[in-house]
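K.L.:
Just one file: data-v1.txt, with compact mmCIF, C-alpha atoms and all ligand atoms.
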# COMPACT_ATOMS: atom_id res chain seq x y z
CA MET A 9 223.76 61.24 43.31
CA LYS A 10 220.94 62.31 41.05
CA VAL A 11 218.45 64.79 42.44
CA THR A 12 215.70 66.77 40.73
CA ILE A 13 214.97 70.38 41.62
CA ARG A 14 211.75 71.95 40.47
CA PHE A 15 211.17 75.65 40.58
CA PHE A 16 207.63 76.90 40.19
CA ALA A 17 206.05 80.08 38.85
CA ARG A 18 208.35 83.11 38.99
CA PHE A 19 211.20 81.00 40.38
CA GLY A 20 210.95 78.73 37.37
CA GLU A 21 211.04 81.65 34.96
CA LEU A 22 214.27 82.88 36.53
CA LEU A 23 216.02 79.57 37.17
CA GLY A 24 214.48 77.00 34.87
CA ASN A 25 211.56 74.78 35.79
CA THR A 26 213.19 71.40 36.22
CA LEU A 27 216.85 70.82 36.90
CA ASN A 28 218.41 67.40 37.15
CA VAL A 29 221.55 67.84 39.16
CA ASP A 30 224.33 65.78 40.59
CA ALA A 31 224.32 66.34 44.32
CA ARG A 32 227.31 65.66 46.49
CA GLU A 33 227.18 63.35 49.49
CA GLY A 34 226.22 65.25 52.64
CA MET A 35 224.61 68.17 50.84
CA SER A 36 221.64 69.77 52.55
CA VAL A 37 218.45 70.82 50.78
CA ALA A 38 219.41 74.46 51.32
CA ASP A 39 222.92 73.94 49.87
CA LEU A 40 221.47 72.22 46.86
CA VAL A 41 218.95 74.95 46.07
CA LYS A 42 221.54 77.67 46.67
CA GLU A 43 223.95 76.07 44.27
CA ALA A 44 221.24 75.62 41.66
CA ALA A 45 220.18 79.26 42.00
CA SER A 46 223.67 80.73 42.19
CA GLY A 47 223.97 81.29 38.44
CA ASN A 48 221.16 83.84 38.39
CA LYS A 49 221.36 86.73 40.81
CA ALA A 50 217.73 87.81 40.41
CA GLY A 51 216.58 84.25 40.97
CA TYR A 52 218.86 83.75 43.95
CA ASP A 53 217.80 87.03 45.57
CA THR A 54 214.12 86.25 45.15
CA ILE A 55 214.53 83.01 47.09
CA PHE A 56 217.26 83.82 49.60
CA ASP A 57 217.79 86.80 51.87
CA GLU A 58 221.11 88.61 52.47
CA ASN A 59 222.12 86.00 55.08
CA GLY A 60 221.60 83.18 52.63
CA SER A 61 218.45 81.92 54.39
CA PHE A 62 215.26 81.08 52.56
CA ARG A 63 212.94 84.08 52.54
CA ASP A 64 210.06 83.36 54.88
CA PHE A 65 207.36 83.10 52.20
CA VAL A 66 209.24 80.51 50.12
CA ILE A 67 207.71 77.05 50.26
CA VAL A 68 210.13 74.12 50.10
CA MET A 69 209.04 70.54 49.57
CA ARG A 70 211.01 67.34 49.55
CA ASN A 71 209.35 64.39 47.85
CA LYS A 72 205.95 66.10 48.01
CA LYS A 73 206.26 66.78 51.71
CA ARG A 74 206.65 70.28 53.03
CA ILE A 75 209.76 70.98 55.01
CA ARG A 76 210.15 74.04 57.17
CA SER A 77 212.54 76.32 55.35
CA GLN A 78 214.56 76.85 58.54
CA ASP A 79 215.20 73.08 58.62
CA ALA A 80 216.37 72.95 55.01
CA GLY A 81 219.96 73.56 56.08
CA SER A 82 220.03 70.42 58.20
CA ILE A 83 218.04 68.03 56.02
CA LEU A 84 220.34 66.10 53.71
CA VAL A 85 219.35 65.16 50.19
CA SER A 86 219.33 61.54 49.08
CA GLU A 87 219.51 59.80 45.73
CA GLY A 88 216.35 60.31 43.69
CA ASP A 89 214.96 63.15 45.81
CA GLU A 90 212.67 65.70 44.26
CA ILE A 91 213.01 69.12 45.80
CA ALA A 92 210.32 71.65 44.88
CA VAL A 93 210.58 75.36 45.59
CA PHE A 94 207.76 77.77 44.99
CA PRO A 95 206.25 81.11 45.89
CA PRO A 96 202.61 81.50 46.90
CA VAL A 97 200.92 84.09 44.69
CA ALA A 98 198.90 86.95 46.07
CA GLY A 99 197.05 88.70 43.26
CA GLY A 100 193.38 88.42 42.57
CA MET B 1061 179.45 85.25 36.97
CA TYR B 1062 179.26 81.49 36.67
CA LEU B 1063 177.89 81.22 40.19
CA ALA B 1064 175.05 83.51 39.12
CA LEU B 1065 174.45 81.43 36.00
CA LEU B 1066 174.54 78.27 38.09
CA GLY B 1067 171.72 79.74 40.12
CA VAL B 1068 173.49 80.03 43.44
CA GLY B 1069 170.60 81.52 45.39
CA THR B 1070 172.21 84.47 47.11
CA LEU B 1071 175.48 86.10 46.15
CA ILE B 1072 176.97 88.77 48.37
CA ILE B 1073 179.52 90.92 46.58
CA ALA B 1074 181.84 92.90 48.84
CA ASP B 1075 184.01 95.52 47.19
CA ASN B 1076 184.87 99.06 48.23
CA ASP B 1077 186.46 100.09 44.94
CA ARG B 1078 185.44 101.95 41.85
CA VAL B 1079 185.85 100.48 38.39
CA GLU B 1080 189.15 101.49 36.80
CA LEU B 1081 190.42 101.12 33.27
CA THR B 1082 193.14 98.69 34.42
CA ASN B 1083 190.48 96.30 35.81
CA LEU B 1084 188.90 95.70 32.45
CA ASN B 1085 191.41 93.11 31.20
CA ARG B 1086 190.10 90.58 33.72
CA GLN B 1087 187.04 91.84 35.56
CA ILE B 1088 184.71 91.03 32.76
CA LEU B 1089 181.55 92.20 34.49
CA TYR B 1090 182.61 95.78 33.83
CA ARG B 1091 182.55 97.85 30.66
CA GLU B 1092 184.34 101.03 29.70
CA GLN B 1093 181.26 103.10 30.47
CA ASP B 1094 181.36 101.78 34.05
CA ILE B 1095 184.71 103.40 34.81
CA GLY B 1096 184.36 105.48 37.97
CA ARG B 1097 181.24 103.69 39.17
CA ARG B 1098 181.13 101.59 42.36
CA LYS B 1099 182.15 98.02 41.59
CA ALA B 1100 179.72 96.30 43.93
CA ALA B 1101 176.73 98.13 42.43
CA VAL B 1102 177.75 97.46 38.83
CA ALA B 1103 178.43 93.81 39.62
CA LYS B 1104 174.97 93.48 41.14
CA GLU B 1105 173.32 95.03 38.06
CA GLN B 1106 175.20 92.76 35.68
CA LEU B 1107 174.66 89.57 37.66
CA GLN B 1108 171.01 90.33 38.17
CA GLU B 1109 170.67 90.80 34.43
CA LEU B 1110 172.38 87.44 33.82
CA ASN B 1111 170.08 85.72 36.26
CA PRO B 1112 167.03 87.63 37.55
CA ASP B 1113 165.99 84.65 39.69
CA ILE B 1114 168.82 84.93 42.19
CA THR B 1115 169.39 87.46 44.93
CA VAL B 1116 172.48 89.62 44.69
CA GLN B 1117 173.50 91.85 47.55
CA ALA B 1118 176.04 94.56 46.85
CA LEU B 1119 178.18 95.58 49.83
CA ASP B 1120 180.08 98.74 49.02
CA ALA B 1121 182.33 98.35 52.02
CA THR B 1122 185.84 97.52 53.10
CA ILE B 1123 186.46 94.04 54.41
CA ASP B 1124 188.10 94.49 57.78
CA ALA B 1125 188.03 93.00 61.26
CA ALA B 1126 184.95 95.08 62.13
CA SER B 1127 182.88 94.36 59.03
CA VAL B 1128 183.84 90.84 58.08
CA PHE B 1129 181.64 89.00 60.57
CA SER B 1130 178.40 90.73 59.67
CA MET B 1131 179.20 90.40 55.95
CA THR B 1132 179.49 86.64 56.22
CA GLU B 1133 176.86 86.07 58.90
CA ASN B 1134 174.54 83.76 56.99
CA ALA B 1135 176.95 82.68 54.26
CA ASP B 1136 177.35 79.03 53.32
CA GLY B 1137 180.85 79.69 52.07
CA ILE B 1138 183.37 82.41 51.24
CA VAL B 1139 184.98 82.88 47.84
CA ASP B 1140 188.34 84.62 48.01
CA ALA B 1141 188.87 87.09 45.18
CA LEU B 1142 191.33 89.24 47.09
CA ASP B 1143 194.79 90.50 46.28
CA ASP B 1144 196.09 90.79 49.82
CA TYR B 1145 196.98 88.12 52.37
CA GLN B 1146 196.19 90.16 55.47
CA ILE B 1147 192.55 90.37 54.42
CA ARG B 1148 192.64 86.75 53.27
CA TYR B 1149 193.77 85.80 56.80
CA LEU B 1150 190.71 87.66 58.11
CA LEU B 1151 188.46 85.59 55.85
CA ASN B 1152 190.32 82.51 57.03
CA ARG B 1153 189.57 83.44 60.63
CA VAL B 1154 185.89 83.93 59.91
CA ALA B 1155 185.73 80.65 57.99
CA LEU B 1156 187.30 78.87 60.97
CA GLU B 1157 184.98 80.54 63.44
CA ASN B 1158 181.79 80.02 61.44
CA GLN B 1159 182.89 76.59 60.19
CA ILE B 1160 182.20 77.44 56.59
CA PRO B 1161 184.44 76.68 53.62
CA LEU B 1162 186.85 79.18 52.17
CA PHE B 1163 187.43 78.83 48.43
CA HIS B 1164 190.89 80.25 47.99
CA GLY B 1165 192.46 81.50 44.80
CA GLY B 1166 195.48 83.65 43.99
CA ILE B 1167 197.20 84.74 40.80
CA SER B 1168 200.29 86.48 39.54
CA GLY B 1169 200.96 86.90 35.85
CA PHE B 1170 200.44 83.55 34.19
CA PHE B 1171 200.56 81.69 37.52
CA GLY B 1172 197.77 80.77 39.86
CA GLN B 1173 196.89 78.66 42.85
CA ALA B 1174 193.64 77.42 44.35
CA THR B 1175 192.48 75.25 47.20
CA THR B 1176 189.35 74.62 49.24
CA ILE B 1177 189.62 75.06 52.97
CA LEU B 1178 187.22 73.09 55.13
CA PRO B 1179 187.71 74.31 58.68
CA GLY B 1180 188.44 71.53 61.10
CA LYS B 1181 189.27 69.13 58.30
CA THR B 1182 191.84 70.63 55.99
CA PRO B 1183 194.77 72.85 56.77
CA CYS B 1184 193.69 76.48 57.00
CA LEU B 1185 195.06 79.27 54.81
CA LYS B 1186 197.59 80.24 57.45
CA CYS B 1187 198.87 76.64 57.61
CA ILE B 1188 199.31 76.67 53.83
CA VAL B 1189 200.70 80.18 53.42
CA PRO B 1190 202.10 81.21 56.80
CA HIS B 1191 204.01 84.16 55.33
CA PRO B 1192 202.65 86.23 52.46
CA PRO B 1193 204.93 86.92 49.50
CA PRO B 1194 206.37 90.45 49.34
CA ARG B 1195 204.11 93.19 48.04
CA GLU B 1196 204.42 93.76 44.35
CA VAL B 1197 202.33 95.31 41.68
CA PHE B 1198 200.84 92.21 40.20
CA PRO B 1199 200.94 92.01 36.49
CA VAL B 1200 197.71 90.21 35.88
CA VAL B 1201 196.82 88.37 32.75
CA GLY B 1202 193.05 88.32 32.46
CA VAL B 1203 192.87 84.68 31.47
CA THR B 1204 194.72 83.59 34.62
CA ALA B 1205 192.11 85.30 36.79
CA GLY B 1206 189.40 83.65 34.70
CA PHE B 1207 191.02 80.23 34.95
CA ILE B 1208 191.51 80.29 38.71
CA GLY B 1209 188.08 81.88 39.22
CA MET B 1210 186.57 79.06 37.23
CA ILE B 1211 188.26 76.48 39.45
CA GLN B 1212 186.91 78.25 42.52
CA ALA B 1213 183.42 78.33 41.00
CA THR B 1214 183.70 74.62 40.20
CA GLU B 1215 184.60 73.97 43.82
CA VAL B 1216 181.61 76.00 45.06
CA CYS B 1217 179.34 74.10 42.72
CA LYS B 1218 180.61 70.70 43.92
CA TYR B 1219 180.42 71.77 47.53
CA LEU B 1220 176.80 72.93 47.22
CA LEU B 1221 175.83 69.78 45.37
CA CYS B 1222 177.87 67.50 47.66
CA ARG B 1223 179.43 65.90 44.59
CA GLY B 1224 182.92 64.90 43.59
CA ASP B 1225 186.23 65.46 45.31
CA LEU B 1226 186.94 68.94 46.55
CA LEU B 1227 190.41 70.45 46.38
CA ALA B 1228 190.55 69.84 50.11
CA GLY B 1229 194.03 69.46 51.52
CA ARG B 1230 195.43 69.93 48.03
CA LEU B 1231 196.88 73.10 46.61
CA LEU B 1232 196.45 73.33 42.87
CA LEU B 1233 199.21 75.18 41.06
CA TRP B 1234 198.64 76.48 37.57
CA ASP B 1235 201.57 77.47 35.41
CA GLY B 1236 200.06 79.08 32.34
CA MET B 1237 203.46 79.66 30.76
CA GLN B 1238 204.24 75.97 30.79
CA GLY B 1239 200.62 74.89 30.38
CA ARG B 1240 200.93 72.70 33.46
CA ILE B 1241 198.72 71.96 36.40
CA GLU B 1242 200.19 70.36 39.47
CA GLU B 1243 198.84 69.75 42.88
CA ILE B 1244 200.70 69.46 46.10
CA PRO B 1245 199.40 67.98 49.32
CA VAL B 1246 199.18 70.50 52.15
CA GLU B 1247 199.33 69.68 55.82
CA ASN B 1248 198.00 71.02 59.08
CA ASP B 1249 200.59 73.02 60.92
CA PRO B 1250 200.28 72.06 64.60
CA PHE B 1251 201.75 75.45 65.50
CA CYS B 1252 199.47 77.41 63.18
CA GLU B 1253 198.51 80.78 64.69
CA ALA B 1254 195.03 80.61 63.24
CA CYS B 1255 193.87 77.02 63.75
CA ALA B 1256 196.58 75.38 65.87
CA GLY B 1257 196.33 72.39 63.53
CA ASN B 1258 192.84 71.55 64.79
CA ALA B 1259 191.21 68.84 62.75
CA THR B 1260 188.06 67.87 64.53
CA ARG B 1261 185.15 68.24 62.20
CA ASN B 1262 183.67 65.68 59.84
CA TRP B 1263 182.43 67.22 56.62
ZN ZN C 1 196.02 76.68 60.29
Would you write out, as structure tokens, the structure that this file holds?
Ligand SMILES: [Zn+2]
P.N.:
Amino acid sequence: MKVTIRFFARFGELLGNTLNVDAREGMSVADLVKEAASGNKAGYDTIFDENGSFRDFVIVMRNKKRIRSQDAGSILVSEGDEIAVFPPVAGG
Amino acid sequence: MYLALLGVGTLIIADNDRVELTNLNRQILYREQDIGRRKAAVAKEQLQELNPDITVQALDATIDAASVFSMTENADGIVDALDDYQIRYLLNRVALENQIPLFHGGISGFFGQATTILPGKTPCLKCIVPHPPPREVFPVVGVTAGFIGMIQATEVCKYLLCRGDLLAGRLLLWDGMQGRIEEIPVENDPFCEACAGNATRNW
């Protein structure tokens, strides 16, 4: 099934801004993002910690609705989903 | 700067720093000859020169839990020009307590974000950013600071004039590298430590 992943800001620089991917049946949001990020170690490590969990500051949205990153492993993706992943920025 | 030119009656500038060379790429109130001087005082001089008809108060002080309440006592709103979330959370707390808006902005490199927090109506800063990103030395491109600052100033202007649609409940994301602006809806977090998802006030 076709799913779009959008990485914002620094994540986008490391991993590409918009990826159209073919997701497998039964894939969770976390699995999907992990797979998409797996080709770039710096990108992967910025988003995921050593246990493969989303780092706590990372904001994950599915179809414009925020999902708690700790739930991303149990929420399954569906055809046409748009998953957005981005870091809040702190400078001023 | 634009708030002064707009004629916002009283501006209170809080900064405990001195002007450094590395500030000059974005903090356009300061000149090379100001290096080493207190930022708040220089800012007051410059703003007063731009608009002698407004009142500018310079607070050469650190924003912390002890000082923040007196600093914002009679303020109609708070403009966030900080680079640290712990202090931003303090401003968020004061905004919630005093029921005044917090005009939030943040930048990193070519990226920026902004939103307007109306306590009791919109999600608070802690709802939106519950966990700050890791500390880094922010490479700051001057134009990004200017761009996000301008959005914040626009929000202040609209708020004071009661015109238009504020960036309330919407987080604006600016990607300067891609030349794209997006906005995402943000939601009250019922478990938020700061506001507990309270939405009770009509603005
Ligand atoms: Zn909150």
K.L.:
Would you mind listing, as a tab-separated table (two decimals) with C-alpha atoms, in the coordinates of the input, all residues of chain A that have at least one atom within 9 Å of chain B, where only C-alpha atoms are what counts?
P.N.:
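Here's the written file out_11.tsv:
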chain	number	residue	atom	x	y	z
A	16	PHE	CA	207.63	76.90	40.19
A	17	ALA	CA	206.05	80.08	38.85
A	18	ARG	CA	208.35	83.11	38.99
A	21	GLU	CA	211.04	81.65	34.96
A	25	ASN	CA	211.56	74.78	35.79
A	64	ASP	CA	210.06	83.36	54.88
A	65	PHE	CA	207.36	83.10	52.20
A	66	VAL	CA	209.24	80.51	50.12
A	67	ILE	CA	207.71	77.05	50.26
A	72	LYS	CA	205.95	66.10	48.01
A	73	LYS	CA	206.26	66.78	51.71
A	74	ARG	CA	206.65	70.28	53.03
A	95	PRO	CA	206.25	81.11	45.89
A	96	PRO	CA	202.61	81.50	46.90
A	97	VAL	CA	200.92	84.09	44.69
A	98	ALA	CA	198.90	86.95	46.07
A	99	GLY	CA	197.05	88.70	43.26
A	100	GLY	CA	193.38	88.42	42.57
K.L.:
Residues at most 7 Å from Phe19 in chain A, counting all atoms listed in the file, excluding those fewer than 4 positions away in the same chain, as an MDAnalysis selection string?
P.N.:
chainID A and resid 15 23 51 94
K.L.:
Which residue out of B:Val1139, B:Ala1064, B:Cys1187, B:Ala1118 has the minimum interatomic distance to ligand ZN 1 (chain C) when all atoms listed in the file are used?
P.N.:
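Among B:Val1139, B:Ala1064, B:Cys1187, B:Ala1118, it is B:Cys1187 that comes nearest to ligand ZN 1 (chain C).
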K.L.:
Rank B:Ala1254, B:Cys1217, B:Leu1063, B:Ile1138 by their smallest atom-to-atom distance to ligand ZN 1 (chain C), using all atoms listed in the file, and report the top residue only.
P.N.:
B:Ala1254
K.L.:
One decimal, Å: what's the distance from CA of Asn1111 in chain B over to CA of Ile1211 in chain B, could you say?
P.N.:
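Between these atoms lies a distance of 20.6 Å.
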K.L.:
For Asp1249 in chain B, which residue out of A:Val41, A:Glu90, A:Arg32, A:Ile75 is the nearest one, using all atoms listed in the file?
P.N.:
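So, comparing all the options, the nearest one is A:Ile75.
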K.L.:
May I ask which of the residues B:Phe1163, B:Tyr1219, B:Tyr1149, B:Phe1207 is the closest one to ligand ZN 1 (chain C), counting all atoms listed in the file?
P.N.:
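Under the stated criterion, the closest residue is B:Tyr1149.
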K.L.:
What would range 1217-1238 of chain B look like with N, CA and C atoms in place, written as a PDB file, in the frame of the given file?
P.N.:
ATOM      1  N   CYS B1217     180.403  74.904  43.309  1.00  0.00           N
ATOM      2  CA  CYS B1217     179.340  74.100  42.720  1.00  0.00           C
ATOM      3  C   CYS B1217     179.352  72.686  43.319  1.00  0.00           C
ATOM      4  N   LYS B1218     180.505  72.059  43.364  1.00  0.00           N
ATOM      5  CA  LYS B1218     180.610  70.700  43.920  1.00  0.00           C
ATOM      6  C   LYS B1218     180.233  70.673  45.390  1.00  0.00           C
ATOM      7  N   TYR B1219     180.707  71.717  46.098  1.00  0.00           N
ATOM      8  CA  TYR B1219     180.420  71.770  47.530  1.00  0.00           C
ATOM      9  C   TYR B1219     178.910  71.861  47.777  1.00  0.00           C
ATOM     10  N   LEU B1220     178.234  72.741  47.009  1.00  0.00           N
ATOM     11  CA  LEU B1220     176.800  72.930  47.220  1.00  0.00           C
ATOM     12  C   LEU B1220     176.010  71.695  46.815  1.00  0.00           C
ATOM     13  N   LEU B1221     176.529  70.972  45.831  1.00  0.00           N
ATOM     14  CA  LEU B1221     175.830  69.780  45.370  1.00  0.00           C
ATOM     15  C   LEU B1221     176.282  68.510  46.086  1.00  0.00           C
ATOM     16  N   CYS B1222     177.283  68.660  46.959  1.00  0.00           N
ATOM     17  CA  CYS B1222     177.870  67.500  47.660  1.00  0.00           C
ATOM     18  C   CYS B1222     178.312  66.428  46.658  1.00  0.00           C
ATOM     19  N   ARG B1223     178.970  66.829  45.616  1.00  0.00           N
ATOM     20  CA  ARG B1223     179.430  65.900  44.590  1.00  0.00           C
ATOM     21  C   ARG B1223     180.941  65.979  44.447  1.00  0.00           C
ATOM     22  N   GLY B1224     181.523  64.891  44.021  1.00  0.00           N
ATOM     23  CA  GLY B1224     182.920  64.900  43.590  1.00  0.00           C
ATOM     24  C   GLY B1224     183.911  65.067  44.724  1.00  0.00           C
ATOM     25  N   ASP B1225     185.143  65.268  44.339  1.00  0.00           N
ATOM     26  CA  ASP B1225     186.230  65.460  45.310  1.00  0.00           C
ATOM     27  C   ASP B1225     186.647  66.911  45.305  1.00  0.00           C
ATOM     28  N   LEU B1226     186.513  67.540  46.452  1.00  0.00           N
ATOM     29  CA  LEU B1226     186.940  68.940  46.550  1.00  0.00           C
ATOM     30  C   LEU B1226     188.465  69.009  46.572  1.00  0.00           C
ATOM     31  N   LEU B1227     188.968  70.197  46.268  1.00  0.00           N
ATOM     32  CA  LEU B1227     190.410  70.450  46.380  1.00  0.00           C
ATOM     33  C   LEU B1227     190.749  70.659  47.849  1.00  0.00           C
ATOM     34  N   ALA B1228     190.373  69.711  48.660  1.00  0.00           N
ATOM     35  CA  ALA B1228     190.550  69.840  50.110  1.00  0.00           C
ATOM     36  C   ALA B1228     191.867  69.199  50.501  1.00  0.00           C
ATOM     37  N   GLY B1229     192.717  69.985  51.143  1.00  0.00           N
ATOM     38  CA  GLY B1229     194.030  69.460  51.520  1.00  0.00           C
ATOM     39  C   GLY B1229     194.976  69.357  50.339  1.00  0.00           C
ATOM     40  N   ARG B1230     194.577  69.944  49.226  1.00  0.00           N
ATOM     41  CA  ARG B1230     195.430  69.930  48.030  1.00  0.00           C
ATOM     42  C   ARG B1230     195.519  71.349  47.496  1.00  0.00           C
ATOM     43  N   LEU B1231     196.704  71.783  47.210  1.00  0.00           N
ATOM     44  CA  LEU B1231     196.880  73.100  46.610  1.00  0.00           C
ATOM     45  C   LEU B1231     197.161  72.903  45.129  1.00  0.00           C
ATOM     46  N   LEU B1232     196.266  73.444  44.314  1.00  0.00           N
ATOM     47  CA  LEU B1232     196.450  73.330  42.870  1.00  0.00           C
ATOM     48  C   LEU B1232     197.318  74.487  42.395  1.00  0.00           C
ATOM     49  N   LEU B1233     198.317  74.151  41.599  1.00  0.00           N
ATOM     50  CA  LEU B1233     199.210  75.180  41.060  1.00  0.00           C
ATOM     51  C   LEU B1233     199.074  75.190  39.550  1.00  0.00           C
ATOM     52  N   TRP B1234     198.803  76.343  39.013  1.00  0.00           N
ATOM     53  CA  TRP B1234     198.640  76.480  37.570  1.00  0.00           C
ATOM     54  C   TRP B1234     199.791  77.307  37.018  1.00  0.00           C
ATOM     55  N   ASP B1235     200.509  76.741  36.084  1.00  0.00           N
ATOM     56  CA  ASP B1235     201.570  77.470  35.410  1.00  0.00           C
ATOM     57  C   ASP B1235     201.145  77.649  33.952  1.00  0.00           C
ATOM     58  N   GLY B1236     200.586  78.807  33.669  1.00  0.00           N
ATOM     59  CA  GLY B1236     200.060  79.080  32.340  1.00  0.00           C
ATOM     60  C   GLY B1236     201.157  79.138  31.286  1.00  0.00           C
ATOM     61  N   MET B1237     202.339  79.570  31.688  1.00  0.00           N
ATOM     62  CA  MET B1237     203.460  79.660  30.760  1.00  0.00           C
ATOM     63  C   MET B1237     203.874  78.290  30.248  1.00  0.00           C
ATOM     64  N   GLN B1238     203.857  77.329  31.153  1.00  0.00           N
ATOM     65  CA  GLN B1238     204.240  75.970  30.790  1.00  0.00           C
ATOM     66  C   GLN B1238     203.027  75.134  30.377  1.00  0.00           C
TER      67      GLN B1238
END
